[in-house]
Amino acid sequence: MMYERFTPDARSVVAGATEHARRLGHRYVGGEHLLLAVVGTGQPAGAVLSAHGVTPERVEEEIIRRVGTGAGAGLFAGVDAEALAAIGIDLDAVRARIEASFGPQALAQAARALDRGAAPGRSRRGRPPGWARRAMRRRGRPDRGGLASGYGSRGLADPAQAHGRFPAAALPYTAVAKKILEVSFREALALKDSHVGTEHVALAIISARRGLVPDIMSAVGASPAALRTGILNRYRQAS
C-alpha cells in the first residue's frame with residue numbers, strides 16, 4: 001500500500017528520476033537520479049537543497065563525472081517519452097531493439113554523427129548509416145517480436161493502476177533507490193504524516209549511506225544534517 005500514500009508531486013519525482021536516467025543513457029534508476037529529480041522540482045525541499053549548493057547543475061555534473069553517460073544519451077532528448085508512452089510507444093523498448101539488432105554502439109554512433117553536423121539519419125556521405133540501411137531493407141517483413149511487439153510492454157505505469165505498489169519502471173531501480181523509496185515511507189510515518197511527499201523523499205535521499213548520493217553531497221560541501229534541519233523547518237513553517 002506504500003505507493004498509494006505518495007502525493008502527485010512525490011510520484012512526479014519518481015517518474016522524473018526515470019526520465020533523467022534515460023536522458024543520461026543509464027540503464028538503471030539510482031539514488032542519484034532521484035536526487036536530480038528532487039532538486040529540479042519547484043518544491044520547498046528542492047529549494048532547500050539548492051540553497052545549500054545541491055543544484056541540478058552540480059548534481060548532474062557530479063553524476064557524469066563519476067559514471068559518465070550511456071550509449072545514445074541525449075539522442076532522444078527532444079522526444080516527449082511520456083506522450084509516446086500514452087500511445088503505446090516505449091522508447092526503452094525501441095532502444096533495446098535497435099541495440100539488439102545493430103549492436104550496443106548503434107545509438108552512440110548515431111548521436112556522434114548528429115553531433116558532427118550530419119543530417120539526421122544520414123552519414124557525412126549523404127547515405128543513411130549502416131544500421132539504418134539494414135532497417136530499411138527489413139521493411140515489409142513480418143514482425144517477429146520486433147519493435148511493435150515491445151511497445152507498451154514496459155514503462156512507468158499509471159499510478160492509478162498501480163494498486164498501491166510502486167509502478168514497474170522501464171529501467172530497474174538499484175538497491176539504493178529502492179531503499180530510498182522505502183525510507184521515505186518510514187520518514188512520513190515517523191513525522192506522523194498521512195502522505196508521502198517530496199519532503200519525505202528528500203529526507204530519505206540525504207540519509208542514504210550507499211551509492212553516489214553521499215559522494216555528491218561531499219563534493220558540493222553539503223551537510224546532510226543541515227539539509228535535514230532546513231527541510232524540516234521549511235515544511236513546519238508551511239504547515
# chains A, B, ... in the order shown; residues from 1 in each chain; ligands from 1

$ residues_around --residues "Gly230 in chain A" --least-positions-apart "4" --cutoff "12 Å" --atoms "only C-alpha atoms" --output "PyMOL selection string"
chain A and resi 44-52+199+202-203+206+222-226+234-237

$ write_last_selection --atoms "all heavy atoms" --output "compact mmCIF listing (two decimals), in the first residue's frame"
# COMPACT_ATOMS: atom_id res chain seq x y z
N PRO A 44 9.55 23.09 -1.98
CA PRO A 44 10.44 23.64 -0.94
C PRO A 44 11.66 22.77 -0.67
O PRO A 44 12.75 23.30 -0.41
CB PRO A 44 9.52 23.71 0.28
CG PRO A 44 8.16 23.90 -0.29
CD PRO A 44 8.13 23.07 -1.54
N ALA A 45 11.52 21.45 -0.72
CA ALA A 45 12.67 20.58 -0.47
C ALA A 45 13.76 20.84 -1.50
O ALA A 45 14.96 20.90 -1.16
CB ALA A 45 12.25 19.11 -0.52
N GLY A 46 13.37 21.01 -2.76
CA GLY A 46 14.35 21.31 -3.80
C GLY A 46 15.01 22.65 -3.58
O GLY A 46 16.22 22.82 -3.83
N ALA A 47 14.23 23.63 -3.09
CA ALA A 47 14.79 24.96 -2.83
C ALA A 47 15.81 24.91 -1.71
O ALA A 47 16.86 25.57 -1.76
CB ALA A 47 13.66 25.93 -2.48
N VAL A 48 15.54 24.12 -0.66
CA VAL A 48 16.49 23.98 0.45
C VAL A 48 17.78 23.34 -0.05
O VAL A 48 18.88 23.81 0.28
CB VAL A 48 15.87 23.14 1.59
CG1 VAL A 48 16.93 22.83 2.65
CG2 VAL A 48 14.70 23.88 2.22
N LEU A 49 17.67 22.30 -0.84
CA LEU A 49 18.86 21.63 -1.37
C LEU A 49 19.67 22.60 -2.22
O LEU A 49 20.91 22.68 -2.08
CB LEU A 49 18.44 20.41 -2.19
CG LEU A 49 17.91 19.22 -1.39
CD1 LEU A 49 17.18 18.25 -2.29
CD2 LEU A 49 19.05 18.50 -0.67
N SER A 50 19.00 23.33 -3.10
CA SER A 50 19.71 24.28 -3.97
C SER A 50 20.40 25.36 -3.16
O SER A 50 21.51 25.80 -3.49
CB SER A 50 18.74 24.90 -4.97
OG SER A 50 18.27 23.94 -5.89
N ALA A 51 19.75 25.82 -2.08
CA ALA A 51 20.35 26.86 -1.24
C ALA A 51 21.63 26.39 -0.57
O ALA A 51 22.49 27.21 -0.21
CB ALA A 51 19.34 27.31 -0.18
N HIS A 52 21.78 25.07 -0.43
CA HIS A 52 22.99 24.51 0.16
C HIS A 52 23.98 24.03 -0.91
O HIS A 52 24.90 23.28 -0.61
CB HIS A 52 22.63 23.34 1.09
CG HIS A 52 22.05 23.77 2.40
ND1 HIS A 52 20.74 24.21 2.53
CD2 HIS A 52 22.59 23.85 3.66
CE1 HIS A 52 20.50 24.52 3.78
NE2 HIS A 52 21.60 24.32 4.49
N GLU A 199 9.05 16.10 0.37
CA GLU A 199 9.95 16.33 1.52
C GLU A 199 10.43 15.03 2.13
O GLU A 199 11.59 14.91 2.55
CB GLU A 199 9.25 17.19 2.58
CG GLU A 199 8.05 16.56 3.29
CD GLU A 199 6.73 16.75 2.58
OE1 GLU A 199 6.74 16.90 1.35
OE2 GLU A 199 5.70 16.75 3.27
N ALA A 202 12.98 13.54 -0.14
CA ALA A 202 14.24 14.28 0.01
C ALA A 202 14.97 13.88 1.28
O ALA A 202 16.20 13.69 1.27
CB ALA A 202 13.96 15.78 0.01
N LEU A 203 14.23 13.73 2.38
CA LEU A 203 14.86 13.32 3.64
C LEU A 203 15.47 11.93 3.51
O LEU A 203 16.55 11.66 4.06
CB LEU A 203 13.82 13.33 4.76
CG LEU A 203 13.31 14.71 5.20
CD1 LEU A 203 12.14 14.57 6.17
CD2 LEU A 203 14.43 15.53 5.84
N ILE A 206 18.84 12.19 1.38
CA ILE A 206 20.03 12.74 2.05
C ILE A 206 20.51 11.83 3.17
O ILE A 206 21.64 11.99 3.66
CB ILE A 206 19.77 14.16 2.58
CG1 ILE A 206 18.67 14.16 3.64
CG2 ILE A 206 19.44 15.10 1.43
CD1 ILE A 206 18.41 15.52 4.27
N ALA A 222 27.81 19.88 1.06
CA ALA A 222 26.53 19.96 1.75
C ALA A 222 26.51 18.99 2.92
O ALA A 222 26.93 17.84 2.80
CB ALA A 222 25.38 19.65 0.78
N SER A 223 26.00 19.45 4.04
CA SER A 223 25.88 18.62 5.24
C SER A 223 24.50 17.99 5.29
O SER A 223 23.48 18.71 5.33
CB SER A 223 26.10 19.47 6.49
OG SER A 223 25.63 18.79 7.64
N PRO A 224 24.41 16.65 5.31
CA PRO A 224 23.10 16.01 5.42
C PRO A 224 22.31 16.47 6.65
O PRO A 224 21.09 16.65 6.57
CB PRO A 224 23.45 14.52 5.50
CG PRO A 224 24.74 14.40 4.76
CD PRO A 224 25.49 15.66 5.10
N ALA A 225 23.00 16.68 7.76
CA ALA A 225 22.32 17.14 8.97
C ALA A 225 21.71 18.52 8.77
O ALA A 225 20.57 18.78 9.17
CB ALA A 225 23.30 17.15 10.14
N ALA A 226 22.49 19.42 8.15
CA ALA A 226 21.98 20.77 7.90
C ALA A 226 20.82 20.75 6.91
O ALA A 226 19.84 21.50 7.05
CB ALA A 226 23.10 21.66 7.39
N ARG A 234 11.45 24.19 6.87
CA ARG A 234 10.67 24.78 5.77
C ARG A 234 9.25 24.23 5.75
O ARG A 234 8.29 24.99 5.58
CB ARG A 234 11.37 24.50 4.44
CG ARG A 234 10.66 25.09 3.22
CD ARG A 234 10.68 26.60 3.23
NE ARG A 234 12.02 27.11 3.10
CZ ARG A 234 12.60 27.38 1.91
NH1 ARG A 234 11.93 27.16 0.80
NH2 ARG A 234 13.82 27.84 1.87
N TYR A 235 9.11 22.94 5.96
CA TYR A 235 7.77 22.36 5.90
C TYR A 235 6.97 22.64 7.18
O TYR A 235 5.74 22.74 7.13
CB TYR A 235 7.85 20.86 5.62
CG TYR A 235 8.06 20.59 4.15
CD1 TYR A 235 9.35 20.52 3.63
CD2 TYR A 235 6.98 20.44 3.29
CE1 TYR A 235 9.54 20.32 2.26
CE2 TYR A 235 7.17 20.23 1.94
CZ TYR A 235 8.45 20.17 1.42
OH TYR A 235 8.64 19.97 0.07
N ARG A 236 7.65 22.80 8.29
CA ARG A 236 6.94 23.18 9.52
C ARG A 236 6.38 24.59 9.40
O ARG A 236 5.28 24.88 9.86
CB ARG A 236 7.88 23.08 10.72
CG ARG A 236 8.10 21.64 11.21
CD ARG A 236 9.25 21.57 12.20
NE ARG A 236 9.50 20.20 12.62
CZ ARG A 236 10.69 19.76 13.05
NH1 ARG A 236 11.72 20.60 13.13
NH2 ARG A 236 10.84 18.50 13.41
N GLN A 237 7.13 25.46 8.75
CA GLN A 237 6.66 26.83 8.56
C GLN A 237 5.46 26.87 7.66
O GLN A 237 4.55 27.70 7.81
CB GLN A 237 7.79 27.69 7.97
CG GLN A 237 8.96 27.92 8.91
CD GLN A 237 10.15 28.52 8.22
OE1 GLN A 237 10.08 28.87 7.03
NE2 GLN A 237 11.27 28.64 8.92

$ closest_residue --among "A:Glu62, A:Glu187, A:Glu32, A:Glu57" --to "His200 in chain A" --atoms "only C-alpha atoms"
A:Glu187

$ closest_residue --among "A:Arg66, A:Leu34, A:Gly40, A:Leu212" --to "Ile180 in chain A" --atoms "only C-alpha atoms"
A:Leu34

$ residues_around --residues "Gln43 in chain A" --least-positions-apart "6" --cutoff "10 Å" --atoms "only C-alpha atoms" --output "PyMOL selection string"
chain A and resi 9-10+197-199

$ write_last_selection --atoms "C-alpha atoms" --output "JSON list (two decimals), in the first residue's frame"
[["chain", "number", "residue", "atom", "x", "y", "z"],
["A", 9, "ASP", "CA", 4.38, 15.66, -6.54],
["A", 10, "ALA", "CA", 6.23, 12.74, -4.99],
["A", 197, "GLY", "CA", 5.50, 13.91, -0.08],
["A", 198, "THR", "CA", 8.53, 15.29, -1.86],
["A", 199, "GLU", "CA", 9.95, 16.33, 1.52]]

$ closest_residue --among "A:Leu171, A:Met217, A:Ala208, A:Leu191" --to "Tyr28 in chain A" --atoms "only C-alpha atoms"
A:Leu171

$ decode --residues "range 17-31 of chain A" --atoms "all heavy atoms" --output "compact mmCIF listing (two decimals), in the first residue's frame"
# COMPACT_ATOMS: atom_id res chain seq x y z
N ALA A 17 12.90 10.79 -12.03
CA ALA A 17 14.18 10.09 -11.87
C ALA A 17 14.40 9.15 -13.04
O ALA A 17 15.52 9.04 -13.57
CB ALA A 17 14.19 9.33 -10.55
N THR A 18 13.35 8.46 -13.47
CA THR A 18 13.47 7.56 -14.62
C THR A 18 13.80 8.34 -15.87
O THR A 18 14.64 7.92 -16.68
CB THR A 18 12.16 6.78 -14.81
OG1 THR A 18 11.88 6.01 -13.63
CG2 THR A 18 12.25 5.83 -16.00
N GLU A 19 13.17 9.49 -16.04
CA GLU A 19 13.45 10.30 -17.23
C GLU A 19 14.89 10.82 -17.24
O GLU A 19 15.53 10.87 -18.29
CB GLU A 19 12.46 11.48 -17.30
CG GLU A 19 11.03 11.04 -17.57
CD GLU A 19 10.92 10.16 -18.80
OE1 GLU A 19 11.49 10.52 -19.85
OE2 GLU A 19 10.28 9.10 -18.71
N HIS A 20 15.40 11.21 -16.08
CA HIS A 20 16.80 11.66 -16.01
C HIS A 20 17.75 10.51 -16.36
O HIS A 20 18.74 10.72 -17.08
CB HIS A 20 17.12 12.19 -14.62
CG HIS A 20 16.59 13.57 -14.35
ND1 HIS A 20 16.89 14.65 -15.15
CD2 HIS A 20 15.77 14.04 -13.37
CE1 HIS A 20 16.30 15.73 -14.68
NE2 HIS A 20 15.60 15.39 -13.61
N ALA A 21 17.43 9.32 -15.86
CA ALA A 21 18.28 8.17 -16.17
C ALA A 21 18.27 7.89 -17.66
O ALA A 21 19.32 7.64 -18.27
CB ALA A 21 17.80 6.94 -15.39
N ARG A 22 17.11 7.93 -18.29
CA ARG A 22 17.01 7.73 -19.73
C ARG A 22 17.83 8.77 -20.48
O ARG A 22 18.58 8.45 -21.40
CB ARG A 22 15.55 7.86 -20.18
CG ARG A 22 14.64 6.69 -19.89
CD ARG A 22 13.35 6.88 -20.68
NE ARG A 22 12.37 5.87 -20.37
CZ ARG A 22 11.20 6.11 -19.81
NH1 ARG A 22 10.89 7.35 -19.44
NH2 ARG A 22 10.34 5.14 -19.59
N ARG A 23 17.65 10.05 -20.08
CA ARG A 23 18.33 11.14 -20.78
C ARG A 23 19.84 10.99 -20.71
O ARG A 23 20.55 11.34 -21.68
CB ARG A 23 17.88 12.47 -20.15
CG ARG A 23 18.51 13.71 -20.76
CD ARG A 23 17.90 14.96 -20.16
NE ARG A 23 18.02 14.98 -18.71
CZ ARG A 23 19.12 15.36 -18.07
NH1 ARG A 23 20.21 15.71 -18.73
NH2 ARG A 23 19.15 15.38 -16.75
N LEU A 24 20.34 10.49 -19.58
CA LEU A 24 21.78 10.31 -19.42
C LEU A 24 22.28 9.00 -20.01
O LEU A 24 23.47 8.72 -19.96
CB LEU A 24 22.13 10.39 -17.93
CG LEU A 24 21.92 11.75 -17.26
CD1 LEU A 24 22.11 11.65 -15.75
CD2 LEU A 24 22.85 12.80 -17.86
N GLY A 25 21.36 8.21 -20.55
CA GLY A 25 21.76 6.95 -21.17
C GLY A 25 22.07 5.86 -20.19
O GLY A 25 22.75 4.89 -20.53
N HIS A 26 21.58 5.98 -18.96
CA HIS A 26 21.83 4.96 -17.94
C HIS A 26 20.75 3.88 -18.01
O HIS A 26 19.60 4.18 -18.32
CB HIS A 26 21.87 5.59 -16.54
CG HIS A 26 22.98 6.59 -16.39
ND1 HIS A 26 22.98 7.56 -15.41
CD2 HIS A 26 24.12 6.78 -17.11
CE1 HIS A 26 24.08 8.29 -15.53
NE2 HIS A 26 24.78 7.85 -16.55
N ARG A 27 21.12 2.68 -17.66
CA ARG A 27 20.19 1.55 -17.75
C ARG A 27 19.58 1.20 -16.40
O ARG A 27 19.13 0.08 -16.20
CB ARG A 27 20.91 0.33 -18.34
CG ARG A 27 21.38 0.54 -19.77
CD ARG A 27 22.10 -0.70 -20.28
NE ARG A 27 22.52 -0.54 -21.65
CZ ARG A 27 21.77 -0.79 -22.71
NH1 ARG A 27 20.53 -1.21 -22.54
NH2 ARG A 27 22.24 -0.63 -23.93
N TYR A 28 19.59 2.12 -15.48
CA TYR A 28 19.08 1.89 -14.13
C TYR A 28 18.64 3.22 -13.55
O TYR A 28 18.99 4.29 -14.07
CB TYR A 28 20.19 1.31 -13.25
CG TYR A 28 21.40 2.23 -13.20
CD1 TYR A 28 21.49 3.23 -12.22
CD2 TYR A 28 22.42 2.14 -14.14
CE1 TYR A 28 22.56 4.11 -12.19
CE2 TYR A 28 23.50 3.01 -14.12
CZ TYR A 28 23.56 3.99 -13.14
OH TYR A 28 24.62 4.87 -13.13
N VAL A 29 17.84 3.17 -12.50
CA VAL A 29 17.46 4.36 -11.75
C VAL A 29 18.10 4.24 -10.38
O VAL A 29 17.78 3.33 -9.61
CB VAL A 29 15.93 4.48 -11.62
CG1 VAL A 29 15.57 5.71 -10.79
CG2 VAL A 29 15.27 4.53 -12.98
N GLY A 30 19.00 5.14 -10.08
CA GLY A 30 19.72 5.11 -8.81
C GLY A 30 19.32 6.26 -7.90
O GLY A 30 18.53 7.13 -8.28
N GLY A 31 19.89 6.26 -6.71
CA GLY A 31 19.63 7.35 -5.78
C GLY A 31 20.01 8.70 -6.35
O GLY A 31 19.36 9.71 -6.08
